[in-house]
$ cat input11.cif   # mmCIF, C-alpha atoms and all ligand atoms
data_final
#
loop_
_atom_site.label_atom_id
_atom_site.label_comp_id
_atom_site.auth_asym_id
_atom_site.auth_seq_id
_atom_site.Cartn_x
_atom_site.Cartn_y
_atom_site.Cartn_z
CA MET A 1 1.63 0.46 -11.56
CA GLU A 2 -2.00 0.55 -12.59
CA SER A 3 -4.56 1.89 -10.12
CA LEU A 4 -6.75 -1.01 -9.04
CA PRO A 5 -8.91 0.99 -6.57
CA ALA A 6 -9.99 3.30 -9.43
CA ALA A 7 -10.83 0.30 -11.62
CA HIS A 8 -12.80 -1.24 -8.75
CA LEU A 9 -14.83 1.92 -8.30
CA ALA A 10 -15.48 2.12 -12.04
CA GLY A 11 -16.69 -1.49 -11.91
CA LEU A 12 -19.19 -0.56 -9.17
CA THR A 13 -20.51 2.49 -11.03
CA PRO A 14 -23.87 2.08 -12.84
CA LYS A 15 -23.34 1.63 -16.58
CA HIS A 16 -25.31 4.74 -17.62
CA ILE A 17 -22.68 6.94 -15.97
CA ASP A 18 -19.73 8.11 -18.10
CA VAL A 19 -16.54 7.56 -16.10
CA LYS A 20 -13.13 9.09 -16.77
CA PHE A 21 -10.02 8.46 -14.72
CA TYR A 22 -6.96 10.67 -14.36
CA ASP A 23 -3.91 9.34 -12.57
CA ASP A 24 -2.29 12.26 -10.77
CA ARG A 25 0.99 10.34 -10.49
CA MET A 26 1.55 10.43 -14.22
CA GLU A 27 -0.73 12.88 -16.03
CA GLU A 28 -2.18 16.37 -15.84
CA ILE A 29 -5.73 16.57 -14.56
CA PRO A 30 -7.91 18.63 -16.94
CA PHE A 31 -9.77 20.53 -14.23
CA ASP A 32 -11.79 22.50 -16.78
CA GLU A 33 -13.24 19.41 -18.46
CA VAL A 34 -17.03 19.11 -18.13
CA THR A 35 -17.56 17.11 -14.94
CA ASP A 36 -20.56 16.48 -12.70
CA LEU A 37 -18.97 14.68 -9.79
CA VAL A 38 -15.41 13.88 -8.75
CA ALA A 39 -14.33 10.85 -6.70
CA ILE A 40 -10.89 10.82 -5.07
CA SER A 41 -9.29 7.93 -3.25
CA ILE A 42 -7.21 9.33 -0.41
CA GLU A 43 -4.38 7.92 1.67
CA THR A 44 -2.54 9.68 4.48
CA TYR A 45 0.58 10.44 2.45
CA THR A 46 -1.54 11.78 -0.43
CA ALA A 47 -4.05 13.68 1.73
CA LYS A 48 -2.60 17.12 1.10
CA ARG A 49 -2.50 16.54 -2.67
CA ALA A 50 -6.05 15.15 -2.59
CA TYR A 51 -7.25 18.31 -0.83
CA GLN A 52 -5.47 20.43 -3.44
CA ILE A 53 -7.20 18.52 -6.25
CA ALA A 54 -10.55 18.78 -4.44
CA THR A 55 -10.01 22.52 -4.08
CA GLU A 56 -9.40 22.90 -7.82
CA TYR A 57 -12.70 21.16 -8.60
CA ARG A 58 -14.66 22.85 -5.83
CA ARG A 59 -13.45 26.27 -7.04
CA ARG A 60 -15.23 25.30 -10.27
CA ASN A 61 -18.39 24.42 -8.34
CA ILE A 62 -17.96 20.68 -8.89
CA PRO A 63 -18.77 18.47 -5.88
CA VAL A 64 -16.17 16.04 -4.57
CA VAL A 65 -16.54 12.63 -2.92
CA MET A 66 -13.59 11.15 -1.04
CA GLY A 67 -13.06 7.60 0.14
CA GLY A 68 -10.20 5.24 0.87
CA PHE A 69 -8.03 4.60 3.91
CA HIS A 70 -7.57 8.17 5.08
CA ALA A 71 -11.26 8.97 4.66
CA THR A 72 -12.10 6.07 6.94
CA LEU A 73 -9.39 6.81 9.50
CA VAL A 74 -10.19 10.54 9.88
CA PRO A 75 -13.61 11.19 8.25
CA ASP A 76 -14.13 14.48 10.11
CA GLU A 77 -10.95 15.94 8.66
CA VAL A 78 -11.76 14.72 5.14
CA ALA A 79 -15.30 16.15 5.40
CA GLU A 80 -13.72 19.60 5.68
CA TYR A 81 -12.50 19.32 2.08
CA ALA A 82 -15.16 17.22 0.34
CA GLU A 83 -18.93 17.34 -0.01
CA THR A 84 -19.15 13.65 0.80
CA VAL A 85 -17.01 11.13 2.65
CA VAL A 86 -17.31 7.39 2.09
CA VAL A 87 -16.30 5.63 5.31
CA GLY A 88 -15.32 2.00 4.86
CA GLU A 89 -15.38 -0.14 1.75
CA ALA A 90 -17.29 1.21 -1.24
CA GLU A 91 -18.93 -2.01 -2.43
CA SER A 92 -22.09 -1.73 -0.33
CA ILE A 93 -22.60 2.05 -0.60
CA TRP A 94 -21.26 3.39 -3.87
CA LYS A 95 -24.54 2.87 -5.76
CA ASP A 96 -26.37 4.88 -3.04
CA VAL A 97 -23.87 7.73 -3.47
CA ILE A 98 -24.53 7.83 -7.22
CA ASN A 99 -28.32 7.51 -6.84
CA ASP A 100 -28.45 10.26 -4.21
CA PHE A 101 -26.28 12.52 -6.32
CA GLU A 102 -28.53 12.02 -9.34
CA SER A 103 -31.58 12.95 -7.28
CA GLY A 104 -29.83 15.97 -5.76
CA GLN A 105 -29.67 14.45 -2.27
CA LEU A 106 -26.01 13.74 -1.77
CA LYS A 107 -25.32 13.18 1.93
CA ARG A 108 -22.25 14.36 3.82
CA VAL A 109 -21.24 10.88 4.99
CA TYR A 110 -21.91 7.32 3.81
CA ARG A 111 -20.82 4.54 6.15
CA SER A 112 -20.34 0.90 5.33
CA GLU A 113 -21.62 -0.62 8.55
CA LYS A 114 -20.15 -4.06 7.97
CA ARG A 115 -17.68 -5.62 5.61
CA PRO A 116 -19.24 -6.07 2.18
CA ASP A 117 -19.40 -9.22 0.11
CA ILE A 118 -16.56 -8.90 -2.43
CA SER A 119 -16.83 -12.44 -3.78
CA LYS A 120 -17.89 -11.38 -7.26
CA VAL A 121 -16.40 -7.90 -7.51
CA ILE A 122 -14.86 -7.29 -10.94
CA PRO A 123 -12.82 -4.17 -11.68
CA ASP A 124 -13.44 -2.21 -14.87
CA ARG A 125 -9.94 -1.82 -16.32
CA SER A 126 -11.16 -0.01 -19.43
CA ILE A 127 -10.60 3.29 -17.56
CA LEU A 128 -6.87 2.46 -17.34
CA SER A 129 -6.32 1.86 -21.02
CA GLY A 130 -3.90 4.13 -22.87
CA LYS A 131 -1.93 4.88 -19.72
CA ARG A 132 1.71 3.84 -19.62
CA TYR A 133 1.67 1.46 -16.70
CA LEU A 134 4.21 -1.31 -16.10
CA PRO A 135 3.04 -4.61 -17.66
CA ILE A 136 2.14 -5.96 -14.22
CA GLY A 137 -1.46 -7.02 -13.64
CA LEU A 138 -2.81 -6.01 -10.24
CA VAL A 139 -5.41 -8.45 -8.95
CA GLU A 140 -7.13 -8.64 -5.59
CA ALA A 141 -7.91 -12.11 -4.28
CA ALA A 142 -8.42 -11.24 -0.61
CA ARG A 143 -8.70 -8.03 1.38
CA GLY A 144 -7.53 -7.43 4.95
CA CYS A 145 -5.39 -9.30 7.47
CA THR A 146 -6.27 -11.05 10.72
CA PHE A 147 -3.20 -9.92 12.67
CA LYS A 148 -3.15 -6.81 14.87
CA CYS A 149 0.23 -5.13 14.40
CA ASP A 150 -0.01 -1.85 16.29
CA PHE A 151 1.32 0.43 13.53
CA CYS A 152 -0.76 -1.11 10.74
CA VAL A 153 -3.47 0.76 8.88
CA ILE A 154 -4.77 -2.47 7.35
CA GLN A 155 -5.79 -4.03 10.66
CA THR A 156 -7.34 -0.73 11.77
CA TYR A 157 -9.31 -0.29 8.55
CA PHE A 158 -10.52 -3.87 8.25
CA ASP A 159 -10.80 -4.55 11.98
CA SER A 160 -8.40 -7.52 11.73
CA THR A 161 -10.63 -9.46 9.35
CA GLN A 162 -10.12 -10.70 5.83
CA ASN A 163 -12.65 -11.45 3.14
CA ARG A 164 -12.06 -13.03 -0.24
CA LYS A 165 -13.24 -13.13 -3.79
CA GLU A 166 -14.70 -16.33 -5.18
CA ILE A 167 -12.01 -18.50 -6.79
CA GLN A 168 -13.71 -18.63 -10.20
CA THR A 169 -14.08 -14.83 -10.28
CA ILE A 170 -10.34 -14.37 -9.70
CA LEU A 171 -9.34 -17.02 -12.24
CA ASP A 172 -11.57 -15.40 -14.89
CA GLU A 173 -10.08 -12.00 -14.08
CA ILE A 174 -6.54 -13.32 -14.41
CA ARG A 175 -7.32 -15.04 -17.73
CA SER A 176 -8.75 -11.79 -19.07
CA ILE A 177 -5.52 -9.85 -18.42
CA SER A 178 -2.65 -12.34 -18.48
CA ASP A 179 -1.96 -12.07 -22.23
CA LYS A 180 -0.83 -8.45 -21.80
CA ARG A 181 0.77 -8.73 -18.37
CA LYS A 182 3.91 -10.78 -17.77
CA LEU A 183 3.51 -10.78 -14.02
CA ILE A 184 0.52 -10.74 -11.67
CA PHE A 185 0.72 -8.83 -8.41
CA PHE A 186 -1.88 -9.98 -5.91
CA VAL A 187 -2.42 -6.80 -3.90
CA ASP A 188 -3.73 -8.81 -0.91
CA ASP A 189 -2.51 -7.57 2.44
CA ASN A 190 -1.59 -11.03 3.66
CA ILE A 191 -2.13 -14.00 1.34
CA VAL A 192 -1.94 -16.53 4.19
CA SER A 193 -4.38 -15.00 6.68
CA HIS A 194 -6.69 -17.98 6.17
CA PRO A 195 -4.33 -20.84 5.25
CA LYS A 196 -7.04 -23.32 4.23
CA GLN A 197 -8.73 -20.91 1.82
CA ALA A 198 -5.35 -19.72 0.56
CA LYS A 199 -4.24 -23.27 -0.26
CA GLU A 200 -7.51 -23.95 -2.08
CA PHE A 201 -7.09 -20.82 -4.19
CA TYR A 202 -3.41 -21.27 -5.02
CA ARG A 203 -4.00 -24.91 -5.94
CA ALA A 204 -6.64 -23.75 -8.40
CA LEU A 205 -4.11 -21.30 -9.82
CA ILE A 206 -1.56 -23.96 -10.80
CA PRO A 207 -3.07 -24.82 -14.25
CA LEU A 208 -2.92 -21.15 -15.31
CA LYS A 209 0.90 -21.30 -15.29
CA ILE A 210 1.35 -17.64 -14.39
CA ARG A 211 4.13 -15.88 -12.51
CA TRP A 212 3.01 -13.87 -9.53
CA VAL A 213 4.18 -11.89 -6.49
CA SER A 214 2.35 -10.70 -3.39
CA GLN A 215 2.50 -9.86 0.32
CA ALA A 216 2.40 -12.27 3.22
CA ALA A 217 3.25 -12.80 6.86
CA ILE A 218 6.14 -14.85 8.16
CA THR A 219 3.67 -17.58 9.19
CA MET A 220 3.67 -18.82 5.58
CA THR A 221 7.17 -20.17 6.19
CA HIS A 222 5.89 -22.34 9.06
CA ASP A 223 3.85 -24.45 6.67
CA ASP A 224 5.75 -26.60 4.12
CA GLU A 225 2.58 -27.61 2.29
CA MET A 226 1.74 -23.92 1.82
CA LEU A 227 5.21 -23.14 0.47
CA GLN A 228 5.03 -26.06 -1.95
CA ILE A 229 1.61 -24.99 -3.28
CA LEU A 230 2.69 -21.37 -3.61
CA LYS A 231 5.79 -22.40 -5.54
CA GLU A 232 3.82 -24.69 -7.88
CA SER A 233 1.25 -21.95 -8.52
CA GLY A 234 3.95 -19.64 -9.89
CA CYS A 235 4.92 -17.59 -6.83
CA GLN A 236 8.10 -15.67 -7.65
CA GLY A 237 8.41 -13.71 -4.46
CA VAL A 238 6.61 -12.14 -1.53
CA LEU A 239 6.97 -9.09 0.64
CA ILE A 240 7.19 -9.95 4.33
CA GLY A 241 7.38 -7.35 7.08
CA PHE A 242 10.27 -8.51 9.26
CA GLU A 243 10.16 -5.07 10.90
CA SER A 244 12.89 -5.58 13.52
CA LEU A 245 15.61 -7.95 14.68
CA ASN A 246 14.84 -6.96 18.26
CA HIS A 247 12.43 -9.16 20.20
CA GLU A 248 11.30 -6.36 22.55
CA ASN A 249 10.42 -4.21 19.55
CA LEU A 250 8.39 -7.06 18.05
CA LEU A 251 6.50 -7.42 21.34
CA LYS A 252 5.80 -3.69 21.43
CA MET A 253 4.40 -3.71 17.88
CA ASN A 254 2.28 -6.79 18.67
CA LYS A 255 4.20 -8.79 16.11
CA SER A 256 5.89 -11.37 18.32
CA PHE A 257 4.89 -14.06 15.81
CA ASN A 258 7.87 -12.87 13.75
CA GLY A 259 10.09 -14.36 16.43
CA THR A 260 8.47 -17.79 16.69
CA LYS A 261 9.63 -21.08 15.10
CA GLY A 262 13.21 -19.93 14.59
CA GLY A 263 12.26 -16.35 13.74
CA ILE A 264 13.28 -14.55 10.60
CA GLU A 265 16.52 -16.45 10.09
CA ALA A 266 14.63 -19.74 9.82
CA ALA A 267 12.04 -18.04 7.61
CA VAL A 268 14.69 -16.86 5.14
CA LYS A 269 16.18 -20.35 4.91
CA LYS A 270 12.76 -21.85 4.21
CA MET A 271 12.05 -19.31 1.49
CA ASN A 272 15.40 -20.04 -0.13
CA ALA A 273 14.77 -23.78 0.06
CA TYR A 274 11.58 -23.31 -1.96
CA GLY A 275 13.15 -20.76 -4.31
CA ILE A 276 10.70 -18.01 -3.33
CA ARG A 277 12.30 -14.57 -3.42
CA LEU A 278 11.95 -12.25 -0.51
CA TYR A 279 11.22 -8.55 -0.25
CA ALA A 280 12.02 -7.95 3.43
CA THR A 281 10.86 -4.74 5.07
CA PHE A 282 12.21 -3.20 8.28
CA ILE A 283 10.99 -0.26 10.33
CA PHE A 284 12.93 1.85 12.81
CA GLY A 285 11.76 4.05 15.65
CA TYR A 286 10.58 1.64 18.35
CA GLU A 287 12.04 2.16 21.81
CA ASN A 288 14.57 -0.69 21.64
CA ASP A 289 16.28 0.45 18.47
CA THR A 290 19.85 1.62 18.83
CA ILE A 291 22.27 3.20 16.39
CA ASP A 292 23.46 -0.35 15.57
CA SER A 293 19.98 -1.59 14.57
CA PHE A 294 20.22 -0.12 11.06
CA ARG A 295 23.60 -1.69 10.26
CA GLU A 296 22.55 -5.03 11.77
CA ALA A 297 19.42 -5.18 9.60
CA VAL A 298 21.42 -4.41 6.45
CA GLU A 299 24.08 -6.99 7.33
CA PHE A 300 21.40 -9.58 7.95
CA CYS A 301 19.86 -8.93 4.53
CA ILE A 302 23.21 -9.07 2.74
CA LYS A 303 24.34 -12.19 4.60
CA HIS A 304 21.13 -13.98 3.62
CA LYS A 305 21.27 -12.67 0.05
CA ILE A 306 17.80 -11.16 0.24
CA PHE A 307 16.40 -10.15 -3.14
CA MET A 308 15.01 -6.76 -2.12
CA ALA A 309 14.65 -4.90 1.17
CA ALA A 310 13.19 -1.67 2.53
CA PHE A 311 14.43 0.30 5.54
CA ASN A 312 11.93 2.91 6.64
CA HIS A 313 11.02 4.84 9.74
CA LEU A 314 7.98 3.93 11.76
CA THR A 315 5.00 6.04 10.70
CA PRO A 316 2.12 6.84 13.06
CA PHE A 317 -0.92 6.70 10.78
CA PRO A 318 -4.02 8.25 12.33
CA GLY A 319 -6.45 5.82 13.91
CA THR A 320 -3.85 3.13 14.55
CA PRO A 321 -3.06 1.93 18.09
CA LEU A 322 0.45 3.33 17.58
CA TYR A 323 -0.86 6.82 16.81
CA LYS A 324 -3.16 6.76 19.85
CA ARG A 325 -0.33 5.61 22.12
CA LEU A 326 2.08 8.29 20.90
CA GLU A 327 -0.66 10.92 21.21
CA GLU A 328 -1.43 9.86 24.79
CA GLU A 329 2.27 9.88 25.66
CA GLY A 330 2.62 13.38 24.17
CA LYS A 331 5.27 12.20 21.71
CA LEU A 332 3.77 13.36 18.40
CA LEU A 333 5.75 16.26 16.95
CA TYR A 334 2.72 17.26 14.86
CA ARG A 335 -0.90 16.32 15.46
CA LYS A 336 -1.38 16.04 11.69
CA TRP A 337 2.04 15.54 10.17
CA TRP A 338 0.45 14.80 6.78
CA LEU A 339 -0.85 18.40 6.59
CA ALA A 340 1.99 20.25 8.35
CA ASP A 341 3.67 22.72 5.94
CA GLU A 342 7.12 22.03 7.33
CA TYR A 343 6.80 18.23 7.27
CA ARG A 344 8.81 16.44 4.59
CA TYR A 345 8.81 12.86 3.36
CA GLY A 346 11.25 10.76 5.41
CA GLN A 347 11.04 12.89 8.56
CA VAL A 348 10.11 11.07 11.76
CA PRO A 349 7.05 12.87 13.14
CA PHE A 350 7.37 11.74 16.76
CA ARG A 351 9.86 11.65 19.61
CA THR A 352 11.46 8.35 20.55
CA VAL A 353 14.65 7.11 22.17
CA LEU A 354 16.75 7.81 19.08
CA ASP A 355 16.83 11.31 17.65
CA PRO A 356 14.19 11.59 14.85
CA GLU A 357 16.71 13.17 12.49
CA LEU A 358 19.19 10.38 13.13
CA ILE A 359 16.53 7.79 12.27
CA ARG A 360 15.84 9.55 8.98
CA THR A 361 19.50 9.74 7.95
CA GLU A 362 20.24 6.18 9.10
CA CYS A 363 17.31 4.85 7.03
CA VAL A 364 18.75 6.56 3.94
CA LYS A 365 22.21 5.18 4.79
CA ALA A 366 20.78 1.68 5.23
CA ARG A 367 19.08 1.83 1.81
CA LYS A 368 22.26 3.11 0.16
CA SER A 369 24.31 0.39 1.82
CA PHE A 370 21.88 -2.41 0.87
CA TYR A 371 21.74 -1.21 -2.74
CA SER A 372 25.49 -0.51 -3.03
CA PHE A 373 27.32 -2.26 -5.88
CA THR A 374 29.19 -4.41 -3.36
CA SER A 375 25.95 -5.58 -1.76
CA ILE A 376 24.24 -6.21 -5.12
CA TRP A 377 27.28 -8.25 -6.20
CA ARG A 378 27.27 -10.28 -2.97
CA ARG A 379 23.54 -11.01 -3.15
CA MET A 380 23.43 -11.73 -6.86
CA PHE A 381 24.94 -15.19 -6.75
CA SER A 382 22.40 -17.30 -4.94
CA LYS A 383 20.32 -20.25 -6.08
CA THR A 384 17.20 -18.10 -5.73
CA ASN A 385 18.30 -14.71 -7.08
CA SER A 386 20.00 -16.02 -10.20
CA SER A 387 18.08 -19.24 -10.78
CA SER A 388 17.79 -18.43 -14.53
CA PHE A 389 18.92 -15.78 -16.98
CA PHE A 390 15.46 -14.19 -16.69
CA MET A 391 15.75 -14.03 -12.90
CA LEU A 392 19.27 -12.66 -12.95
CA HIS A 393 18.08 -9.95 -15.32
CA ALA A 394 15.12 -9.17 -13.04
CA PHE A 395 17.38 -9.08 -9.97
CA LEU A 396 19.78 -6.63 -11.57
CA PHE A 397 17.03 -4.47 -13.07
CA ILE A 398 15.15 -4.10 -9.78
CA ASN A 399 18.21 -3.65 -7.58
CA LEU A 400 19.80 -1.05 -9.84
CA LEU A 401 16.49 0.82 -10.02
CA LEU A 402 16.10 0.81 -6.23
CA ARG A 403 19.74 1.87 -5.90
CA LYS A 404 18.84 5.03 -7.84
CA GLU A 405 15.79 5.60 -5.63
CA ALA A 406 17.52 5.05 -2.27
CA SER A 407 17.30 8.73 -1.35
CA LEU A 408 15.05 9.98 -4.13
CA ARG A 409 12.06 10.95 -2.00
CA ASP A 410 13.99 11.93 1.09
CA LEU A 411 12.78 15.34 2.35
CA TYR A 412 10.38 15.60 -0.57
CA PRO A 413 7.39 17.82 0.24
CA LEU A 414 3.90 16.35 0.51
CA GLY A 415 1.35 17.79 -1.90
CA ASP A 416 2.15 19.78 -5.03
CA LEU A 417 4.31 22.86 -4.39
CA SER A 418 2.98 24.55 -7.52
CA PHE A 419 -0.54 24.64 -6.04
CA GLN A 420 -1.69 28.24 -5.63
CA GLY A 421 -3.92 29.64 -2.89
CA GLU A 422 -5.57 28.17 0.18
CA LEU A 423 -7.21 24.77 0.49
CA LEU A 424 -10.93 25.35 0.11
CA LYS A 425 -12.96 24.10 3.05
CA VAL A 426 -16.63 23.09 2.79
CA LYS A 427 -18.96 25.76 4.10
CA GLU A 428 -21.96 25.07 1.89
CA PRO A 429 -21.77 21.64 0.17
CA ILE A 430 -22.08 21.77 -3.63
CA ASN A 431 -24.87 19.39 -4.54
CA ALA A 432 -26.16 19.78 -8.06
CA LEU A 433 -25.60 18.31 -11.49
CA SER A 434 -23.67 20.87 -13.51
CA LYS A 435 -25.42 22.99 -16.08
CA ASN A 436 -22.89 21.77 -18.61
CA PRO A 437 -24.31 19.75 -21.55
S1 LIG B 1 0.79 -8.85 9.26
FE1 LIG B 1 1.08 -7.09 7.90
S2 LIG B 1 -0.95 -6.58 7.07
FE2 LIG B 1 -1.24 -7.93 8.86
S3 LIG B 1 -1.61 -6.54 10.58
FE3 LIG B 1 0.59 -7.01 10.54
S4 LIG B 1 1.56 -5.39 9.29
FE4 LIG B 1 -0.66 -5.34 8.92
#
$ encode --input "input11.cif" --output "structure tokens" --more "lines below"
Ligand code: SF4
Amino acid sequence: MESLPAAHLAGLTPKHIDVKFYDDRMEEIPFDEVTDLVAISIETYTAKRAYQIATEYRRRNIPVVMGGFHATLVPDEVAEYAETVVVGEAESIWKDVINDFESGQLKRVYRSEKRPDISKVIPDRSILSGKRYLPIGLVEAARGCTFKCDFCVIQTYFDSTQNRKEIQTILDEIRSISDKRKLIFFVDDNIVSHPKQAKEFYRALIPLKIRWVSQAAITMTHDDEMLQILKESGCQGVLIGFESLNHENLLKMNKSFNGTKGGIEAAVKKMNAYGIRLYATFIFGYENDTIDSFREAVEFCIKHKIFMAAFNHLTPFPGTPLYKRLEEEGKLLYRKWWLADEYRYGQVPFRTVLDPELIRTECVKARKSFYSFTSIWRRMFSKTNSSSFFMLHAFLFINLLLRKEASLRDLYPLGDLSFQGELLKVKEPINALSKNP
């Protein structure tokens, strides 16, 4: 899918600056191209690769700025590999970074002291053109979530607040891209954090007659008016973190609201009644999980004919309450699992009641079981999943794709194994426009 953060940053960059974007997921980065300054958005799972890319540029004497979730969660670590770290959201500080760089006074750290006004932020998608992304338009209507789930990076990063774009700005943005994109994906962390504002926005969306998907919390199913508006505005499906069928686990993760008003069973029925498809996600590794938890979650999803589901291990992201708790309890197997040479994707980097290796293999088994032909067949025939030929086609396409990917990334290394040499740490920050023409 297209990279919206890169387009947002391009939109914030003064117009006299030439911007080029390379998407490391799908193309080679031409490290020898004439470049004055490099900006990298970094997340915990991509941290090692981001440091490798930074090293390539810094070996060529090109300064690097890093921002994004990981830069905000562990700025001191990121500052070891980049001249400059942007802590927090870029909207209020990116112009200062560019101005300071142009005057040769790039600072080591820029901090966004409070949440910026994003009401009129417009991404510059021209930097994405020519790349072979799926025809899905990524749009941000709101940013952040007001809940405080203990494992969640979103609540840590945005301090359990949400701010929104102005309705007209979003509608204009959608109109400008909807001719080329069949589906809009609102990348919002939780579309129903502020129900009143959400209803106002989705009502305004109805005349556009688009199809869209997004992410929400279970609380959306407690509000029939909300479900009706979402349906009328073109909502095809939402991702909801169900996380666990165990009440004690939900309490531990500060997500007990998943168990209220009939819990997830009632939520699924409501979603089906409104014909809104569900992408249910589950995590494993809390203290009350047992060997049966994996099978029970899969059976629940098959029984309720859930459109898509994910079964992943709990991940302690730095800065989250979960990470701090596991660190205090001495349960982390690595202080920085995201940089550990021996750490592989899918491994559980902490000790818990169940064996970490068992959690990894059971997650893979759960995915394989949910995306087995038998399960796909059993889930296919529901009023929601096969409501039309188009939907049936979409159901089969997505489920067969995810079937292929059930164990694809298991034990995959982080970073690029072909990278040569050591990661280059900052001793003397590079801070000059290149001599290149
Ligand atoms: S509801 Fe979702 S986005 Fe909000 S804090 Fe919980 S896990 Fe994070």
$ atom_distance --input "input11.cif" --atom1 "CA of Gly346 (chain A)" --atom2 "CA of Leu414 (chain A)"
10.5 Å
$ residues_near_ligand --input "input11.cif" --ligand "ligand LIG 1 (chain B)" --cutoff "6 Å" --atoms "all atoms listed in the file" --output "number ranges by chain"
A: 145, 147-149, 152, 154-155, 189-190, 217
$ residues_around --input "input11.cif" --residues "Tyr22 (chain A)" --least-positions-apart "2" --cutoff "12 Å" --atoms "only C-alpha atoms" --output "compact mmCIF listing (two decimals) with C-alpha atoms, keeping the file's coordinate frame"
# COMPACT_ATOMS: atom_id res chain seq x y z
CA GLU A 2 -2.00 0.55 -12.59
CA SER A 3 -4.56 1.89 -10.12
CA ALA A 6 -9.99 3.30 -9.43
CA ALA A 7 -10.83 0.30 -11.62
CA VAL A 19 -16.54 7.56 -16.10
CA LYS A 20 -13.13 9.09 -16.77
CA ASP A 24 -2.29 12.26 -10.77
CA ARG A 25 0.99 10.34 -10.49
CA MET A 26 1.55 10.43 -14.22
CA GLU A 27 -0.73 12.88 -16.03
CA GLU A 28 -2.18 16.37 -15.84
CA ILE A 29 -5.73 16.57 -14.56
CA PRO A 30 -7.91 18.63 -16.94
CA PHE A 31 -9.77 20.53 -14.23
CA GLU A 33 -13.24 19.41 -18.46
CA VAL A 38 -15.41 13.88 -8.75
CA ALA A 39 -14.33 10.85 -6.70
CA ILE A 40 -10.89 10.82 -5.07
CA SER A 41 -9.29 7.93 -3.25
CA ILE A 53 -7.20 18.52 -6.25
CA ILE A 127 -10.60 3.29 -17.56
CA LEU A 128 -6.87 2.46 -17.34
CA SER A 129 -6.32 1.86 -21.02
CA GLY A 130 -3.90 4.13 -22.87
CA LYS A 131 -1.93 4.88 -19.72
$ atom_distance --input "input11.cif" --atom1 "CA of Val34 (chain A)" --atom2 "CA of Val64 (chain A)"
13.9 Å
$ residues_near_point --input "input11.cif" --point "(1.8, -24.0, 1.0)" --cutoff "10 Å" --atoms "only C-alpha atoms" --output "MDAnalysis selection string"
chainID A and resid 192 195:196 198:200 202:203 220:233
$ closest_residue --input "input11.cif" --among "A:Gly263, A:Gly285, A:Gly421, A:Gly330" --to "Glu362 (chain A)" --atoms "all atoms listed in the file"
A:Gly285
$ residues_around --input "input11.cif" --residues "Glu428 (chain A)" --least-positions-apart "5" --cutoff "12 Å" --atoms "only C-alpha atoms" --output "PyMOL selection string"
chain A and resi 58+61+63+79-84+108
$ residues_near_point --input "input11.cif" --point "(-5.7, 7.7, 2.6)" --cutoff "7 Å" --atoms "only C-alpha atoms" --output "number ranges by chain"
A: 41-47, 68-71
$ atom_distance --input "input11.cif" --atom1 "CA of Ala216 (chain A)" --atom2 "CA of Ile191 (chain A)"
5.2 Å
$ residues_around --input "input11.cif" --residues "Ile167 (chain A)" --least-positions-apart "2" --cutoff "9 Å" --atoms "only C-alpha atoms" --output "PyMOL selection string"
chain A and resi 119+141+164-165+169-172+200-201+204-205
$ closest_residue --input "input11.cif" --among "A:Gly104, A:Pro356, A:Gly241, A:Pro116" --to "Phe282 (chain A)" --atoms "only C-alpha atoms"
A:Gly241
$ residues_around --input "input11.cif" --residues "Leu402 (chain A)" --least-positions-apart "4" --cutoff "12 Å" --atoms "all atoms listed in the file" --output "list in words"
Phe307, Met308, Ala309, Ala310, Phe311, Val364, Arg367, Lys368, Ser369, Phe370, Tyr371, Ser372, Phe373, Ile376, Phe395, Leu396, Phe397, Ile398, Ala406, Ser407, Leu408 and Arg409 of chain A
$ write_last_selection --input "input11.cif" --atoms "C-alpha atoms" --output "compact mmCIF listing (two decimals), keeping the file's coordinate frame"
# COMPACT_ATOMS: atom_id res chain seq x y z
CA PHE A 307 16.40 -10.15 -3.14
CA MET A 308 15.01 -6.76 -2.12
CA ALA A 309 14.65 -4.90 1.17
CA ALA A 310 13.19 -1.67 2.53
CA PHE A 311 14.43 0.30 5.54
CA VAL A 364 18.75 6.56 3.94
CA ARG A 367 19.08 1.83 1.81
CA LYS A 368 22.26 3.11 0.16
CA SER A 369 24.31 0.39 1.82
CA PHE A 370 21.88 -2.41 0.87
CA TYR A 371 21.74 -1.21 -2.74
CA SER A 372 25.49 -0.51 -3.03
CA PHE A 373 27.32 -2.26 -5.88
CA ILE A 376 24.24 -6.21 -5.12
CA PHE A 395 17.38 -9.08 -9.97
CA LEU A 396 19.78 -6.63 -11.57
CA PHE A 397 17.03 -4.47 -13.07
CA ILE A 398 15.15 -4.10 -9.78
CA ALA A 406 17.52 5.05 -2.27
CA SER A 407 17.30 8.73 -1.35
CA LEU A 408 15.05 9.98 -4.13
CA ARG A 409 12.06 10.95 -2.00
$ residues_around --input "input11.cif" --residues "Asp188 (chain A)" --least-positions-apart "2" --cutoff "8 Å" --atoms "only C-alpha atoms" --output "list in words"
Glu140, Ala141, Ala142, Arg143, Gly144, Phe186, Asn190, Ile191, Ser214 and Gln215 of chain A
$ closest_residue --input "input11.cif" --among "A:Thr156, A:Gly262, A:Arg115, A:Phe185" --to "Lys324 (chain A)" --atoms "all atoms listed in the file"
A:Thr156
$ axis_aligned_box --input "input11.cif" --around "region 340-356 of chain A" --padding-each-side "5 Å" --output "AutoDock Vina command-line options"
--center_x 9.4 --center_y 14.9 --center_z 12.8 --size_x 24.8 --size_y 25.6 --size_z 28.8
$ closest_residue --input "input11.cif" --among "A:Lys331, A:His194, A:Arg175, A:Arg378" --to "Leu208 (chain A)" --atoms "all atoms listed in the file"
A:Arg175
